[in-house]
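Notes follow the structure.
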Amino acid sequence: MSTRPTLLDEEEAHRLDAADPGHRELFHIPPADGGRYAETAYFAGNSLGLQPRATRDELLADLADWQQLGVEGHLEAGRPWLPYHELLTDAAARLVGARPEETVVMNSLTVNLHLLMVSFYRPAGRRTRIVIEDAAFPSDSYAVRSQARFHGLDPDATVLRLRPRAGESVLRTEDVLAFLDREGDTVALLLLGGVNYLTGELMDIPEITAAGRDAGAVVGWDLAHAAGNVPLRLHDWGVDFAAWCSYKYLNAGPGALGGVFVHGRHLADRTLPRFEGWWSTEASTRFRMAPVAAPPASAEAWQVSNPPIFAMGPVRTSLELFDKVGMDALRARSVRLTGYLERLLDAVTPGRPLTVVTPRDPERRGCQLSLRIGRGSAAELARRLRHEQGVVTDAREPDIVRLAPVPLYSTYHDCWRAADALARTVAEDA
Ligand SMILES: *Cc1c(COP(=O)(O)O)cnc(C)c1O
């Protein structure tokens, strides 16, 4: 490990933290084993957000209700279990710019994508294709291919992957629009990531949604990397459906429940196919034990099972935090913090085999910056950053290291540590 000082100004990072603090005190920051600092500089909140300090006691309170009340907790718990999911709905709706009846927290992300595609992927005639981005998260690729097979279609012919131009790393909006203009009449479903997990690109959700719908396609968004990262206005943008997870920017814990949005214009449509269970029926009718469901005209109709209360608690705690801080304030700090990290990376990447592939325009990205590693292994670099410098990043095959300064708990000094660690770890070109 090199101890040679870098040209980066550590005092400046401390000054910026004093002037522009986040809410780090509300979170547990994992300790760094080894290295010069007690805590890790944590840049993996895009993969698994850190634990809010409030989560533990809130979860224990739900657990104590079960201990004390048994089955009677359904109605008598401090937060009764039967309507527990309703405690999450308003905050989740605010987070994504939805109406409460358009939103529900349930299941996990890929499961929800499937449940939504049952309703919204309806191949017919010439219009059979599902369009995703080539850099789609694997789970999304597998999900859409299996949906094609479910309809008796050949996934290779049905799933179209949009690629960036040769020599470029991210998709251009104009190219997506041009594609829709050309071939939109073959598209049944356009399903893109709002913020791409690999490159950190924020798509122009309103413009692409409008173009997709004009072309006659259904437009869904996977917001795994967008929810809690960038402001969203799903209702106003006319998005048909969306799904997200709560364990990345929403800090609700590993495997936490996901969220679902279904636009209001679909809620009263009785012709939509849907997979149902006893939680799909209107709550007031649930215990009539009727043979036929009576689904409400809301996203709750997409629920199937009674939800896991101990998994809902951490989502509730987390959403309350987002409500308190406010997405607009978070986004403003996010733009400043990521801009600062970008400036430091621009100081250390020249002369090293490191290239920022995330769009430079803050309007075209969330908080994540992705570095392409031109020499050596990304996984090995992430490992060294972690174990030699206490800087937690992650590597994505084959050559990307991702850094996400999260505005809730990351600091300017974390950003300084990341750039300093890269300078110490990656040799300059000979
Ligand atoms: C994180 C992520 C997933 C993970 O899916 P799960 O069903 O929650 O395991 C899927 N898609 C995208 C785009 C992701 O970023």
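Starting from 1 in every chain, residues are counted up; chains themselves are A, B, ... following the order of the structure tokens, and ligands are numbered from 1 as listed.
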
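Excluding Pro353 (chain A) itself and any same-chain residue fewer than 5 positions from it, the protein and nucleic acid residues within 12 Å of it, counting only C-alpha atoms, are Val348, Leu371, Arg372, Ile373, Gly374, Arg375, Gly376, Ser377, Ala378, Leu381, Asp399, Ile400, Leu422, Ala423, Thr425, Val426, Ala427, Glu428, Asp429 and Ala430 of chain A.
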
Go ahead and write the selection's residues with N, CA and C atoms as a compact mmCIF listing (two decimals), in the first residue's frame.
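Result saved to result.txt:
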# COMPACT_ATOMS: atom_id res chain seq x y z
N VAL A 348 -7.99 12.09 -10.49
CA VAL A 348 -7.14 10.90 -10.36
C VAL A 348 -7.19 9.95 -11.56
N LEU A 371 -17.12 3.28 -12.99
CA LEU A 371 -15.78 3.39 -13.57
C LEU A 371 -15.49 2.16 -14.41
N ARG A 372 -15.05 2.36 -15.65
CA ARG A 372 -14.59 1.23 -16.45
C ARG A 372 -13.09 1.06 -16.19
N ILE A 373 -12.71 -0.20 -15.89
CA ILE A 373 -11.32 -0.49 -15.55
C ILE A 373 -10.65 -1.04 -16.80
N GLY A 374 -9.65 -0.30 -17.30
CA GLY A 374 -9.04 -0.68 -18.57
C GLY A 374 -7.96 -1.74 -18.44
N ARG A 375 -7.51 -2.01 -17.26
CA ARG A 375 -6.43 -2.99 -17.08
C ARG A 375 -6.65 -3.69 -15.75
N GLY A 376 -6.44 -5.01 -15.73
CA GLY A 376 -6.62 -5.76 -14.50
C GLY A 376 -8.09 -6.04 -14.25
N SER A 377 -8.36 -6.62 -13.08
CA SER A 377 -9.70 -7.11 -12.80
C SER A 377 -10.47 -6.13 -11.91
N ALA A 378 -11.72 -5.86 -12.31
CA ALA A 378 -12.57 -4.97 -11.50
C ALA A 378 -12.81 -5.58 -10.13
N LEU A 381 -9.84 -5.08 -7.98
CA LEU A 381 -9.73 -3.68 -7.53
C LEU A 381 -10.71 -3.41 -6.39
N ASP A 399 -15.86 -5.37 -16.31
CA ASP A 399 -14.84 -4.34 -16.10
C ASP A 399 -15.37 -3.06 -15.43
N ILE A 400 -16.46 -3.18 -14.66
CA ILE A 400 -17.05 -1.97 -14.06
C ILE A 400 -16.92 -2.02 -12.53
N LEU A 422 -8.36 5.10 -4.77
CA LEU A 422 -8.11 4.72 -6.17
C LEU A 422 -6.71 5.16 -6.59
N ALA A 423 -6.32 6.38 -6.19
CA ALA A 423 -5.00 6.87 -6.57
C ALA A 423 -3.91 6.00 -5.97
N THR A 425 -4.25 2.81 -5.16
CA THR A 425 -4.38 1.38 -5.50
C THR A 425 -4.09 1.11 -6.98
N VAL A 426 -4.46 2.07 -7.83
CA VAL A 426 -4.31 1.84 -9.28
C VAL A 426 -3.06 2.55 -9.77
N ALA A 427 -2.11 1.78 -10.26
CA ALA A 427 -0.85 2.37 -10.73
C ALA A 427 -1.11 3.24 -11.95
N GLU A 428 -0.32 4.32 -12.05
CA GLU A 428 -0.42 5.16 -13.25
C GLU A 428 0.17 4.41 -14.44
N ASP A 429 -0.35 4.75 -15.63
CA ASP A 429 0.16 4.11 -16.84
C ASP A 429 1.64 4.38 -16.96
N ALA A 430 2.37 3.36 -17.41
CA ALA A 430 3.82 3.52 -17.52
C ALA A 430 4.15 4.54 -18.62

Each residue of chain A lying at most 10 Å from ligand 1 should get a row with its shortest atom-to-atom pair and the distance in Å to one decimal, counting only C-alpha atoms and all ligand atoms; could you produce that, ordered by chain and increasing number, as a tab-separated table?
residue	atom	partner	partner_atom_place_in_ligand_line	distance
A:Asn46	CA	ligand 1	15 (O)	8.4
A:Ser47	CA	ligand 1	1 (C)	6.8
A:Leu48	CA	ligand 1	1 (C)	8.9
A:Asn107	CA	ligand 1	7 (O)	8.7
A:Ser108	CA	ligand 1	7 (O)	5.1
A:Leu109	CA	ligand 1	7 (O)	3.9
A:Thr110	CA	ligand 1	7 (O)	3.6
A:Val111	CA	ligand 1	7 (O)	6.1
A:Asn112	CA	ligand 1	7 (O)	7.8
A:Leu113	CA	ligand 1	7 (O)	8.3
A:His114	CA	ligand 1	7 (O)	9.8
A:Ala135	CA	ligand 1	13 (C)	9.4
A:Ala136	CA	ligand 1	13 (C)	6.4
A:Phe137	CA	ligand 1	13 (C)	4.6
A:Pro138	CA	ligand 1	11 (N)	7.1
A:Ser139	CA	ligand 1	10 (C)	5.2
A:Asp140	CA	ligand 1	11 (N)	5.4
A:Ser141	CA	ligand 1	11 (N)	8.8
A:Ala143	CA	ligand 1	10 (C)	9.4
A:Leu192	CA	ligand 1	13 (C)	8.4
A:Gly193	CA	ligand 1	13 (C)	5.8
A:Gly194	CA	ligand 1	13 (C)	8.4
A:Val195	CA	ligand 1	13 (C)	8.2
A:Asn196	CA	ligand 1	13 (C)	7.0
A:Tyr197	CA	ligand 1	15 (O)	5.3
A:Leu198	CA	ligand 1	15 (O)	8.6
A:Trp221	CA	ligand 1	13 (C)	9.2
A:Asp222	CA	ligand 1	13 (C)	5.8
A:Leu223	CA	ligand 1	13 (C)	6.9
A:Ala224	CA	ligand 1	15 (O)	4.6
A:His225	CA	ligand 1	15 (O)	5.6
A:Ala226	CA	ligand 1	15 (O)	9.0
A:Ala243	CA	ligand 1	11 (N)	9.1
A:Trp244	CA	ligand 1	8 (O)	7.8
A:Cys245	CA	ligand 1	8 (O)	5.6
A:Ser246	CA	ligand 1	8 (O)	8.3
A:Tyr247	CA	ligand 1	8 (O)	8.0
A:Lys248	CA	ligand 1	1 (C)	7.2
A:Pro254	CA	ligand 1	8 (O)	9.1
A:Gly255	CA	ligand 1	8 (O)	6.3
A:Ala256	CA	ligand 1	8 (O)	7.8
A:Leu257	CA	ligand 1	8 (O)	8.0
A:Gly258	CA	ligand 1	8 (O)	7.2

### Task
Just give me the gap between CA of Pro350 (chain A) and CA of Ala419 (chain A) in Å, one decimal is fine.
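Between these atoms lies a distance of 12.2 Å.
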
### Query
Looking at only C-alpha atoms, which of A:Pro80, A:Gly216, A:Pro164, A:Gly70 is the one that sits closest to Gly184 (chain A)?
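Ranking A:Pro80, A:Gly216, A:Pro164, A:Gly70 by distance to Gly184 (chain A), first place goes to A:Gly216.
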
### Selected residue, from A:Phe120, A:Ala242, A:Thr55, A:Arg182, that lies nearest to Asp269 (chain A) when counting only C-alpha atoms
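Using only C-alpha atoms, Asp269 (chain A) sits closest to A:Phe120.
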
Need to verify the contact set: region 297-314 of chain A, 9 Å, only C-alpha atoms, exclusion of same-chain residues closer than 4 positions in sequence. Can you return it as a compact mmCIF listing (two decimals) with C-alpha atoms, in the first residue's frame?
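Done, and the output landed in result-v4.txt:
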# COMPACT_ATOMS: atom_id res chain seq x y z
CA PRO A 52 -31.35 2.81 9.79
CA ALA A 54 -34.59 3.09 14.03
CA THR A 55 -35.22 -0.24 12.28
CA ARG A 56 -34.24 -2.55 15.11
CA GLU A 58 -39.49 -0.89 15.35
CA LEU A 59 -39.00 -4.48 14.27
CA LEU A 60 -38.73 -5.65 17.88
CA ASP A 62 -43.77 -5.90 15.92
CA LEU A 63 -42.13 -9.06 17.20
CA TRP A 81 -51.30 -6.81 10.82
CA LEU A 82 -54.39 -7.07 8.65
CA TYR A 84 -50.35 -3.25 7.91
CA HIS A 85 -49.46 -2.77 4.24
CA LEU A 88 -46.66 1.95 3.71
CA PRO A 100 -52.07 6.02 -3.14
CA GLU A 101 -54.52 3.80 -5.00
CA GLU A 102 -51.88 3.28 -7.72
CA THR A 103 -49.31 1.90 -5.27
CA VAL A 104 -48.78 -1.15 -3.12
CA VAL A 105 -45.78 -2.64 -1.31
CA MET A 106 -45.57 -6.41 -1.74
CA ASN A 107 -43.37 -9.37 -2.72
CA ASN A 112 -43.78 -8.26 -9.09
CA LEU A 115 -47.33 -10.38 -11.83
CA LEU A 116 -47.45 -7.10 -13.73
CA ASN A 251 -32.44 0.82 3.08
CA ALA A 252 -35.11 -1.68 4.12
CA GLY A 253 -32.75 -4.66 4.43
CA GLY A 255 -34.41 -9.05 0.22
CA ALA A 256 -36.81 -6.36 1.46
CA LEU A 257 -40.28 -6.13 -0.06
CA VAL A 260 -45.57 -1.65 -7.41
CA PHE A 261 -47.23 1.13 -9.40
CA VAL A 262 -50.20 0.64 -11.73
CA HIS A 263 -51.46 3.77 -13.45
CA GLY A 264 -54.95 4.90 -12.46
CA HIS A 266 -55.87 0.69 -15.64
CA LEU A 267 -57.36 0.30 -12.18
CA ALA A 268 -60.99 -0.04 -13.18
CA ASP A 269 -60.25 -2.24 -16.21
CA ARG A 270 -62.03 -5.50 -15.44
CA ARG A 274 -54.33 -11.04 -13.29
CA PHE A 275 -53.09 -13.75 -10.94
CA GLU A 276 -55.13 -13.47 -7.76
CA GLY A 277 -55.30 -14.74 -4.19
CA TRP A 278 -57.17 -13.82 -1.04
CA TRP A 279 -55.28 -10.54 -0.67
CA SER A 280 -56.52 -9.48 -4.14
CA THR A 281 -60.05 -9.14 -2.92
CA GLU A 282 -61.53 -6.03 -1.34
CA SER A 318 -37.34 3.53 5.85
CA LEU A 319 -40.20 5.23 4.00

Leu321 (chain A) environment, 12 Å, only C-alpha atoms, sequence neighbours closer than 2 positions dropped, as a PDB file with N, CA and C atoms, in the first residue's frame:
ATOM      1  N   HIS A  23     -27.581  12.781   6.782  1.00  0.00           N
ATOM      2  CA  HIS A  23     -28.271  12.224   7.951  1.00  0.00           C
ATOM      3  C   HIS A  23     -27.586  10.941   8.409  1.00  0.00           C
ATOM      4  N   LEU A  26     -28.371   8.811  11.525  1.00  0.00           N
ATOM      5  CA  LEU A  26     -29.557   7.949  11.585  1.00  0.00           C
ATOM      6  C   LEU A  26     -29.255   6.514  11.141  1.00  0.00           C
ATOM      7  N   PHE A  27     -28.000   6.243  10.767  1.00  0.00           N
ATOM      8  CA  PHE A  27     -27.651   4.937  10.194  1.00  0.00           C
ATOM      9  C   PHE A  27     -26.506   4.265  10.946  1.00  0.00           C
ATOM     10  N   GLN A  51     -28.343   0.027   7.346  1.00  0.00           N
ATOM     11  CA  GLN A  51     -29.450  -0.148   8.288  1.00  0.00           C
ATOM     12  C   GLN A  51     -29.750   1.154   9.042  1.00  0.00           C
ATOM     13  N   PRO A  52     -30.980   1.665   8.949  1.00  0.00           N
ATOM     14  CA  PRO A  52     -31.347   2.813   9.792  1.00  0.00           C
ATOM     15  C   PRO A  52     -31.334   2.391  11.270  1.00  0.00           C
ATOM     16  N   ARG A  53     -30.877   3.283  12.112  1.00  0.00           N
ATOM     17  CA  ARG A  53     -30.822   2.955  13.541  1.00  0.00           C
ATOM     18  C   ARG A  53     -32.211   2.658  14.102  1.00  0.00           C
ATOM     19  N   ALA A  54     -33.232   3.263  13.511  1.00  0.00           N
ATOM     20  CA  ALA A  54     -34.592   3.093  14.032  1.00  0.00           C
ATOM     21  C   ALA A  54     -35.167   1.702  13.733  1.00  0.00           C
ATOM     22  N   THR A  55     -34.593   1.001  12.758  1.00  0.00           N
ATOM     23  CA  THR A  55     -35.217  -0.239  12.277  1.00  0.00           C
ATOM     24  C   THR A  55     -35.345  -1.296  13.365  1.00  0.00           C
ATOM     25  N   LEU A  88     -47.795   1.659   4.586  1.00  0.00           N
ATOM     26  CA  LEU A  88     -46.660   1.948   3.711  1.00  0.00           C
ATOM     27  C   LEU A  88     -47.075   2.674   2.431  1.00  0.00           C
ATOM     28  N   ALA A  91     -46.628   6.761   1.799  1.00  0.00           N
ATOM     29  CA  ALA A  91     -45.229   7.184   1.696  1.00  0.00           C
ATOM     30  C   ALA A  91     -44.595   6.631   0.418  1.00  0.00           C
ATOM     31  N   ALA A  92     -44.934   5.390   0.075  1.00  0.00           N
ATOM     32  CA  ALA A  92     -44.398   4.802  -1.161  1.00  0.00           C
ATOM     33  C   ALA A  92     -44.911   5.580  -2.367  1.00  0.00           C
ATOM     34  N   LEU A  95     -43.091   8.813  -2.760  1.00  0.00           N
ATOM     35  CA  LEU A  95     -41.719   8.605  -3.214  1.00  0.00           C
ATOM     36  C   LEU A  95     -41.616   8.490  -4.739  1.00  0.00           C
ATOM     37  N   GLY A 228     -35.942   6.239  -4.577  1.00  0.00           N
ATOM     38  CA  GLY A 228     -35.115   6.731  -3.476  1.00  0.00           C
ATOM     39  C   GLY A 228     -33.815   7.353  -3.942  1.00  0.00           C
ATOM     40  N   TYR A 249     -31.546   1.825  -2.515  1.00  0.00           N
ATOM     41  CA  TYR A 249     -31.576   3.181  -1.930  1.00  0.00           C
ATOM     42  C   TYR A 249     -32.586   3.312  -0.798  1.00  0.00           C
ATOM     43  N   LEU A 250     -33.500   2.355  -0.658  1.00  0.00           N
ATOM     44  CA  LEU A 250     -34.533   2.496   0.367  1.00  0.00           C
ATOM     45  C   LEU A 250     -34.156   1.849   1.704  1.00  0.00           C
ATOM     46  N   ASN A 251     -33.013   1.209   1.777  1.00  0.00           N
ATOM     47  CA  ASN A 251     -32.443   0.824   3.080  1.00  0.00           C
ATOM     48  C   ASN A 251     -33.373  -0.026   3.945  1.00  0.00           C
ATOM     49  N   ALA A 252     -34.169  -0.890   3.332  1.00  0.00           N
ATOM     50  CA  ALA A 252     -35.111  -1.682   4.122  1.00  0.00           C
ATOM     51  C   ALA A 252     -34.606  -3.106   4.393  1.00  0.00           C
ATOM     52  N   PRO A 314     -39.420  -2.894   8.355  1.00  0.00           N
ATOM     53  CA  PRO A 314     -38.262  -2.096   7.920  1.00  0.00           C
ATOM     54  C   PRO A 314     -38.559  -1.208   6.708  1.00  0.00           C
ATOM     55  N   VAL A 315     -39.477  -1.623   5.848  1.00  0.00           N
ATOM     56  CA  VAL A 315     -39.840  -0.754   4.720  1.00  0.00           C
ATOM     57  C   VAL A 315     -40.573   0.477   5.255  1.00  0.00           C
ATOM     58  N   ARG A 316     -41.460   0.242   6.212  1.00  0.00           N
ATOM     59  CA  ARG A 316     -42.208   1.356   6.805  1.00  0.00           C
ATOM     60  C   ARG A 316     -41.236   2.353   7.458  1.00  0.00           C
ATOM     61  N   THR A 317     -40.313   1.836   8.270  1.00  0.00           N
ATOM     62  CA  THR A 317     -39.342   2.699   8.944  1.00  0.00           C
ATOM     63  C   THR A 317     -38.561   3.518   7.925  1.00  0.00           C
ATOM     64  N   SER A 318     -38.149   2.868   6.861  1.00  0.00           N
ATOM     65  CA  SER A 318     -37.343   3.533   5.850  1.00  0.00           C
ATOM     66  C   SER A 318     -38.151   4.599   5.112  1.00  0.00           C
ATOM     67  N   LEU A 319     -39.384   4.264   4.748  1.00  0.00           N
ATOM     68  CA  LEU A 319     -40.202   5.229   4.000  1.00  0.00           C
ATOM     69  C   LEU A 319     -40.506   6.451   4.857  1.00  0.00           C
ATOM     70  N   ASP A 323     -39.842  10.315   3.897  1.00  0.00           N
ATOM     71  CA  ASP A 323     -40.886  11.323   4.052  1.00  0.00           C
ATOM     72  C   ASP A 323     -40.369  12.516   4.844  1.00  0.00           C
ATOM     73  N   LYS A 324     -39.631  12.214   5.905  1.00  0.00           N
ATOM     74  CA  LYS A 324     -39.154  13.264   6.802  1.00  0.00           C
ATOM     75  C   LYS A 324     -38.122  14.146   6.096  1.00  0.00           C
ATOM     76  N   VAL A 325     -37.192  13.517   5.409  1.00  0.00           N
ATOM     77  CA  VAL A 325     -36.117  14.286   4.768  1.00  0.00           C
ATOM     78  C   VAL A 325     -36.618  14.918   3.461  1.00  0.00           C
ATOM     79  N   GLY A 326     -37.412  14.192   2.717  1.00  0.00           N
ATOM     80  CA  GLY A 326     -37.957  14.724   1.463  1.00  0.00           C
ATOM     81  C   GLY A 326     -37.033  14.420   0.296  1.00  0.00           C
ATOM     82  N   MET A 327     -37.626  13.879  -0.765  1.00  0.00           N
ATOM     83  CA  MET A 327     -36.851  13.462  -1.942  1.00  0.00           C
ATOM     84  C   MET A 327     -36.190  14.661  -2.633  1.00  0.00           C
ATOM     85  N   LEU A 330     -33.101  15.545  -0.730  1.00  0.00           N
ATOM     86  CA  LEU A 330     -32.113  14.475  -0.927  1.00  0.00           C
ATOM     87  C   LEU A 330     -31.464  14.582  -2.300  1.00  0.00           C
ATOM     88  N   LEU A 408     -28.269  10.268   1.850  1.00  0.00           N
ATOM     89  CA  LEU A 408     -28.718  10.156   3.240  1.00  0.00           C
ATOM     90  C   LEU A 408     -27.537   9.999   4.189  1.00  0.00           C
ATOM     91  N   TYR A 409     -26.559   9.167   3.820  1.00  0.00           N
ATOM     92  CA  TYR A 409     -25.523   8.866   4.817  1.00  0.00           C
ATOM     93  C   TYR A 409     -24.086   8.998   4.332  1.00  0.00           C
TER      94      TYR A 409
END
